[in-house]
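Undergrad: Quick one: the structure is below, questions incoming.
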Number of protein chains: 4
Amino acid sequence: MPISQDQQDEIDALRARPQPTLRAVSEGMEAHLYRANPVLDHGFVRVVDYMGDDAAIVQAARVSYGAGTRHSRDDEGLIRYLMRHWHSTPFEMCEIKLHVKLPVFVARQWIRHRTANVNEYSARYSILDREFYIPAPEHLAAQSTVNNQGRGAVLEGDEAARVLEILKSDSTRAYDHYEAMLNQDGQQGLARELARMNLPANIYTQWYWKVDLHNLFHFLRLRADAHAQYEIRVYAETICRIVADWVPAAWRAFEDYRLGGATLSAKALEAVRRMLAGEEVSQENSGMSKGEWREFARVLGRDES
Amino acid sequence: MPISQDQQDEIDALRARPQPTLRAVSEGMEAHLYRANPVLDHGFVRVVDYMGDDAAIVQAARVSYGAGTRHSRDDEGLIRYLMRHWHSTPFEMCEIKLHVKLPVFVARQWIRHRTANVNEYSARYSILDREFYIPAPEHLAAQSTVNNQGRGAVLEGDEAARVLEILKSDSTRAYDHYEAMLNQDGQQGLARELARMNLPANIYTQWYWKVDLHNLFHFLRLRADAHAQYEIRVYAETICRIVADWVPAAWRAFEDYRLGGATLSAKALEAVRRMLAGEEVSQENSGMSKGEWREFARVLGRDES
Amino acid sequence: MPISQDQQDEIDALRARPQPTLRAVSEGMEAHLYRANPVLDHGFVRVVDYMGDDAAIVQAARVSYGAGTRHSRDDEGLIRYLMRHWHSTPFEMCEIKLHVKLPVFVARQWIRHRTANVNEYSARYSILDREFYIPAPEHLAAQSTVNNQGRGAVLEGDEAARVLEILKSDSTRAYDHYEAMLNQDGQQGLARELARMNLPANIYTQWYWKVDLHNLFHFLRLRADAHAQYEIRVYAETICRIVADWVPAAWRAFEDYRLGGATLSAKALEAVRRMLAGEEVSQENSGMSKGEWREFARVLGRDES
Amino acid sequence: MPISQDQQDEIDALRARPQPTLRAVSEGMEAHLYRANPVLDHGFVRVVDYMGDDAAIVQAARVSYGAGTRHSRDDEGLIRYLMRHWHSTPFEMCEIKLHVKLPVFVARQWIRHRTANVNEYSARYSILDREFYIPAPEHLAAQSTVNNQGRGAVLEGDEAARVLEILKSDSTRAYDHYEAMLNQDGQQGLARELARMNLPANIYTQWYWKVDLHNLFHFLRLRADAHAQYEIRVYAETICRIVADWVPAAWRAFEDYRLGGATLSAKALEAVRRMLAGEEVSQENSGMSKGEWREFARVLGRDES
């Protein structure tokens with residue numbers, strides 16, 4: 001369980017005291033506040049704070065005094081228009097702050113999204129907990145044979161057992177040694193900023209991560225994608241569900257235009273036009289490379305692989 | 001008056017409906033919400049939303065589950081430590097959203113602070129109001145004779161009158177012509193995106209501006225400074241008062257370490273050390289240029305000008 | 001003519017002294033360096049410096065020691081792959097620095113792109129030149145009747161003449177008054193930081209603008225678009241030609257995937273699939289709004305307006 | 001040795017072919033280009049490209065046509081003025097691109113500086129090399145007893161030997177297992193994106209890192225500071241030497257105003273003024289906390305610890 005009893009008590013205490021506010025309130029987010037959504041074996045995502053709602057997007061787009069329009073249907077139409085035409089600034093007017101517990105190798109991918117604010121638990125200042133990500137058997141996969149940066153079939157039999165045994169025993173040993181080096185009984189005790197270097201990338205860390213809705217959508221488009229590594233994708237999917245409760249209209253627009261949509265190149269658009277005109281278009285006469293054509297076929301629902 | 005009766009009604013409506021929230025609430029900010037603080041002759045600053053409070057800074061610095069420490073004195077000590085040692089990320093965990101009405105030439109300075117989110121009233125889409133900044137007589141100043149980018153003595157007599165007359169009549173004529181060009185009665189009517197080019201830089205615009213507390217402090221340090229142009233400084237000073245009500249402990253740390261503090265160069269520190277050792281230090285034997293020495297003397301409260 | 005003889009002499013001097021360098025050199029850019037490409041009636045775009053070329057994109061993507069691959073065809077394939085899959089970081093490894101002269105109302109749109117470095121000519125410190133943008137007759141257009149933020153038919157006859165007369169006489173008068181207020185003969189002379197507020201938005205300003213290739217492509221996609229205001233679009237189109245000479249392979253990928261491409265929503269993709277399956281799809285049974293359907297038809301080359 | 005013979009050959013090839021350019025050239029940087037400056041046991045810093053020189057800072061500050069002033073002494077004065085008054089934008093007009101090889105735990109600190117461009121070697125796509133940071137005996141230090149995030153005395157005797165033995169054997173075993181899990185002989189072979197999680201934080205990674213001079217100075221001020229962790233400080237110090245060769249005037253200003261300077265709070269300035277007036281000031285009557293007073297004394301060269 002990722003949350004200790006003490007931590008759960010603190011969360012319960014925070015949820016027990018609603019206070020009046022004049023700010024925009026999202027009912028969907030109030031239900032989420034502070035609660036830990038479990039991810040992987042020891043991780044979680046918790047909403048710590050948020051700013052704005054669907055109406056705040058509309059209000060900013062109109063630079064208005066009041067709060068959105070009277071008719072939520074008009075609001076949704078405007079939000080869809082903004083999303084369709086890449087008017088990103090109104091979406092930047094909503095903000096979310098998350099507390100995330102995640103393996104270090106996931107944190108290293110995540111931090112590449114620079115337009116966010118981060119406070120990470122410091123392993124120079126504090127001692128990390130003994131918690132490591134060990135994949136569930138169904139997520140232990142072989143190197144993909146078609147994609148240089150992906151995974152393929154699930155590992156089977158002895159090999160799977162050997163891998164799990166290695167991951168477990170190496171992280172146990174690394175953490176035992178970490179503690180032994182830090183230990184100050186009868187010895188000086190190695191500095192924490194040095195001892196941490198012995199810990200493998202599947203150890204868990206934690207951070208506060210704050211980001212505006214536009215940049216969050218960008219993160220989700222890349223990380224909730226089927227090509228993202230499974231271990232970061234499950235975090236992105238958890239955040240997707242939170243966003244759907246927070247700003248439902250913006251979420252629906254995002255789902256339609258970004259998650260479910262696709263960008264076609266000039267060559268691909270030309271191919272579609274020719275196809276609709278009844279022409280037989282093949283990779284050879286499309287001007288596309290084999291890789292492009294394969295991706296294009298997939299977008300059209302004609303998986304040729 | 002910068003706010004019309006309709007706008008005031010919208011503000012009153014928003015302030016009339018407190019709702020329960022589980023988020024951190026700053027009492028000081030709730031009192032500010034939506035209200036217009038007048039600035040210059042037609043401008044204002046209104047708080048539209050905020051995220052976090054002093055405890056949120058502490059909570060993020062500790063990556064903790066609860067909300068700050070039990071003792072607010074400890075919180076203040078930590079906040080001072082963070083400010084002193086340039087640990088900026090915990091301050092980024094607070095966010096504020098303002099609605100600002102301001103002259104275009106002030107907006108042009110303001111927008112140079114890039115780490116913020118902005119939605120400006122669009123003069124391509126809408127028609128601007130007939131509102132221009134005309135300086136009060138006591139702010140109508142001559143070019144400084146010592147500072148190439150500053151102002152000096154207040155203008156006197158006929159000259160002041162002539163300048164005010166020019167500013168008023170030119171903006172009136174420019175706006176009359178703006179309307180005449182837009183007019184569609186008996187003519188096509190010029191596109192708004194073109195007609196706006198006739199308007200001078202003292203016309204008022206409006207925007208939503210959202211920024212985190214760290215970047216806001218940076219803005220305030222530069223723009224609430226005595227060397228900032230008066231017309232942007234009064235906006236910064238208004239925001240300073242809002243921040244003091246929002247995050248009182250962070251504000252006090254900022255006031256002590258940034259607004260009231262000064263950065264001394266290696267040469268200046270060496271001069272201080274020599275002075276404290278009883279040595280007579282002059283510009284000539286300090287290694288500083290005349291300009292540096294003058295600024296150094298001012299920091300020490302020895303204005304030699 | 002936007003460039004004075006003195007300025008031309010400085011440009012010629014800079015172009016006269018090639019120096020040896022070990023850095024990546026783009027022949028196409030060397031031909032551009034320092035030269036002023038005229039835009040609008042008094043504006044220009046000049047390349048002042050650049051970093052990197054097509055091979056630098058490949059080199060960074062591979063984190064390699066050498067410079068790109070041996071076969072430029074492989075480089076182009078990789079660049080297309082990076083563009084198609086939104087791998088933006090290798091494109092950020094190229095940088096360009098431009099000197100731009102542009103009307104203030106164009107500068108106000110341009111500056112909204114925040115991920116760039118800017119040094120603007122200071123009207124607090126210096127006196128602006130008497131140069132104003134006056135549209136050519138063929139660019140003097142009426143407000144669009146279909147697009148709230150666009151322009152429609154060209155103005156005709158007397159109306160066009162009246163508008164030109166207003167723009168010319170108002171800017172002349174504003175500048176005469178600007179000079180009169182600054183004047184220190186027999187009077188104190190108004191501070192430059194105040195006098196500038198009388199100047200209209202069609203006055204020219206100048207800045208140095210530095211940006212990486214990824215963010216430049218984002219700027220060009222939005223500003224070289226048919227929906228961008230003409231006066232900023234001509235700057236974007238000028239920069240497009242420069243980029244095509246600088247990084248030809250990256251430019252071709254950008255042209256195919258971004259400028260010439262289109263993003264289809266989930267609903268639009270579904271409509272395409274149904275059409276290709278022989279179904280008759282109309283706005284009514286597509287799930288799209290009228291606005292979306294119109295844009296969708298245009299993407300398919302079936303303009304139904 | 002951090003560079004293989006093949007890599008050295010590539011570097012030599014790049015250095016062998018100077019080409020003419022019309023851009024600003026910094027002689028000091030040309031001497032550095034592509035060469036690897038060794039850092040720690042297997043790391044390095046190499047300059048891959050640069051844009052601008054001291055004159056480019058001046059040119060941008062003046063938004064001028066030519067290149068700096070005729071007198072380099074005037075240039076230096078202006079550069080000092082810009083640094084002293086926090087005019088950061090002209091420094092942003094210079095850019096540097098580095099290729100860095102560094103341990104993962106150093107990379108994790110480094111990446112927190114967000115205003116830079118990064119391309120890291122991908123452990124999803126490629127297999128990491130067997131290279132780990134093992135501290136030299138003189139850098140193997142105990143946890144500091146006064147600073148929660150620092151190190152104290154050097155470890156001695158058996159303890160030092162035990163720690164080194166742990167670091168070496170754990171990284172050897174982790175890498176052996178990494179290879180064993182990846183191995184496809186007689187088994188499927190674990191996906192690279194999963195196998196990497198077994199590797200400890202002292203393994204080396206590589207990246208291309210591109211940053212402007214203003215943000216680089218910010219990085220150097222924090223990371224070349226005595227309180228920075230030794231392992232990142234040595235990288236910062238290596239970059240300091242490179243910058244001193246690249247933009248000597250800007251470097252001297254940075255050294256005087258930032259590296260060698262200090263920021264005094266309002267309370268500290270008040271204490272200095274009282275001291276200079278002959279008053280006896282102590283921690284108790286200064287209004288400062290004990291921690292602040294200790295830091296203040298150190299700035300005045302009166303270390304009281």
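Following the order of the structure tokens, first chain is A, next is B, and so on, with residues numbered from 1 inside each chain and ligands from 1 in the order they appear.
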Could you name the residues that touch region 184-193 of chain B at 7 Å or less, counting only C-alpha atoms, but leaving out those on the same chain fewer than 3 positions away, as a PyMOL selection string?

TA: (chain B and resi 123-124+181+196) or (chain C and resi 141-144+151+155+159)

Undergrad: Please, which residues of chain C lie no more than 8 Å from chain D when the count uses only C-alpha atoms, and can they be set out as a PyMOL selection string?

TA: chain C and resi 7+10-11+14-25+30+33+48-52+60-63+65-67+89-90+92-93+97+99+117-121+206-208+210

Undergrad: Provide the CA of Ala244 (chain A) to CA of Ile79 (chain A) distance in Å, to one decimal place.

TA: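 If I compute the distance from CA of Ala244 (chain A) to CA of Ile79 (chain A), I get 14.2 Å.
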
Undergrad: What's around region 286-290 of chain C at 7 Å? Count only C-alpha atoms, leave out sequence neighbours fewer than 5 positions away in its own chain, and write the answer as a list in words.

TA: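 Near region 286-290 of chain C, the qualifying residues are Lys267, Ala271 and Val281 of chain C.
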
Undergrad: Keeping only N, CA and C atoms, write the selected residues as a PDB file, in the first residue's frame.

TA:
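That gives us part.pdb:
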ATOM      1  N   LYS C 267     -13.700  12.662 -35.056  1.00  0.00           N
ATOM      2  CA  LYS C 267     -14.917  12.672 -35.876  1.00  0.00           C
ATOM      3  C   LYS C 267     -14.590  12.791 -37.368  1.00  0.00           C
ATOM      4  N   ALA C 271     -15.280  10.155 -40.388  1.00  0.00           N
ATOM      5  CA  ALA C 271     -15.984  10.528 -41.625  1.00  0.00           C
ATOM      6  C   ALA C 271     -15.183  10.078 -42.846  1.00  0.00           C
ATOM      7  N   VAL C 281     -21.520  10.740 -46.518  1.00  0.00           N
ATOM      8  CA  VAL C 281     -21.441  11.422 -45.224  1.00  0.00           C
ATOM      9  C   VAL C 281     -21.770  12.896 -45.400  1.00  0.00           C
TER      10      VAL C 281
END

Undergrad: List the neighbours of Ala228 (chain A) out to 12 Å using only C-alpha atoms; skip same-chain residues closer than 2 positions along the sequence, and give me the result as a VMD selection string.

TA: (chain A and resid 106 109 to 110 147 149 to 151 219 to 226 230 to 237) or (chain C and resid 85) or (chain D and resid 124 193)

Undergrad: Skip Arg108 (chain B) itself and residues of its chain fewer than 2 positions away, then list as a PDB file with C-alpha atoms, in the first residue's frame all residues within 10 Å of it, counting only C-alpha atoms.

TA:
ATOM      1  CA  PRO B 103      -2.267  51.633 -21.142  1.00  0.00           C
ATOM      2  CA  VAL B 104      -0.681  49.943 -24.159  1.00  0.00           C
ATOM      3  CA  PHE B 105       2.783  51.426 -23.506  1.00  0.00           C
ATOM      4  CA  VAL B 106       2.698  49.882 -20.013  1.00  0.00           C
ATOM      5  CA  TRP B 110       4.924  44.224 -18.834  1.00  0.00           C
ATOM      6  CA  ILE B 111       4.767  41.540 -21.532  1.00  0.00           C
ATOM      7  CA  ARG B 112       8.567  41.316 -21.573  1.00  0.00           C
ATOM      8  CA  HIS B 113       8.206  39.091 -18.500  1.00  0.00           C
ATOM      9  CA  ALA B 201       0.075  54.005 -27.052  1.00  0.00           C
TER      10      ALA B 201
ATOM     11  CA  VAL C 104       4.339  48.277 -33.267  1.00  0.00           C
ATOM     12  CA  ALA C 107       5.391  43.597 -32.718  1.00  0.00           C
ATOM     13  CA  ARG C 108       2.558  43.237 -30.221  1.00  0.00           C
ATOM     14  CA  ILE C 111       5.915  39.054 -28.815  1.00  0.00           C
TER      15      ILE C 111
END

Undergrad: Where in region 49-204 of chain B does DSSP assign strand (DSSP E), given as number ranges by chain?

TA: B: 49-51, 95-103, 117-120, 141-143, 151-154, 204

Undergrad: When DSSP works through the backbone of this structure, what residues of region 127-192 of chain B end up as helix (DSSP H, G or I), shown as a PyMOL selection string?

TA: chain B and resi 137-139+157-182+192

Undergrad: Which residues come within 10 Å of region 299-302 of chain D, counting only C-alpha atoms, excluding same-chain residues fewer than 5 positions away, as a ChimeraX atom specification?

TA: /B:269-270,272-274,276 /D:261-264,272,293-294

Undergrad: Quick one: of C:Thr145, C:Ser171, C:Asn285, C:Gln229, who's nearest to Tyr204 (chain C), counting only C-alpha atoms?

TA: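 For Tyr204 (chain C), the nearest of the given residues is C:Ser171.
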
Undergrad: What's the separation between CA of Ala180 (chain A) and CA of Gln5 (chain A), in Å to one decimal place?

TA: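 About the pair CA of Ala180 (chain A) and CA of Gln5 (chain A): they are 27.5 Å apart.
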
Undergrad: To one decimal place in Å, what is the distance between CA of Ala268 (chain B) and CA of Ala297 (chain D)?

TA: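 So the two atoms, CA of Ala268 (chain B) and CA of Ala297 (chain D), lie 15.5 Å apart.
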
Undergrad: Could you check the closest approach to Val243 (chain A) for each of A:Ile127, A:Leu140, A:Leu213, A:Leu199 and tell me which residue wins, using only C-alpha atoms?

TA: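 For Val243 (chain A), the nearest of the given residues is A:Leu213.
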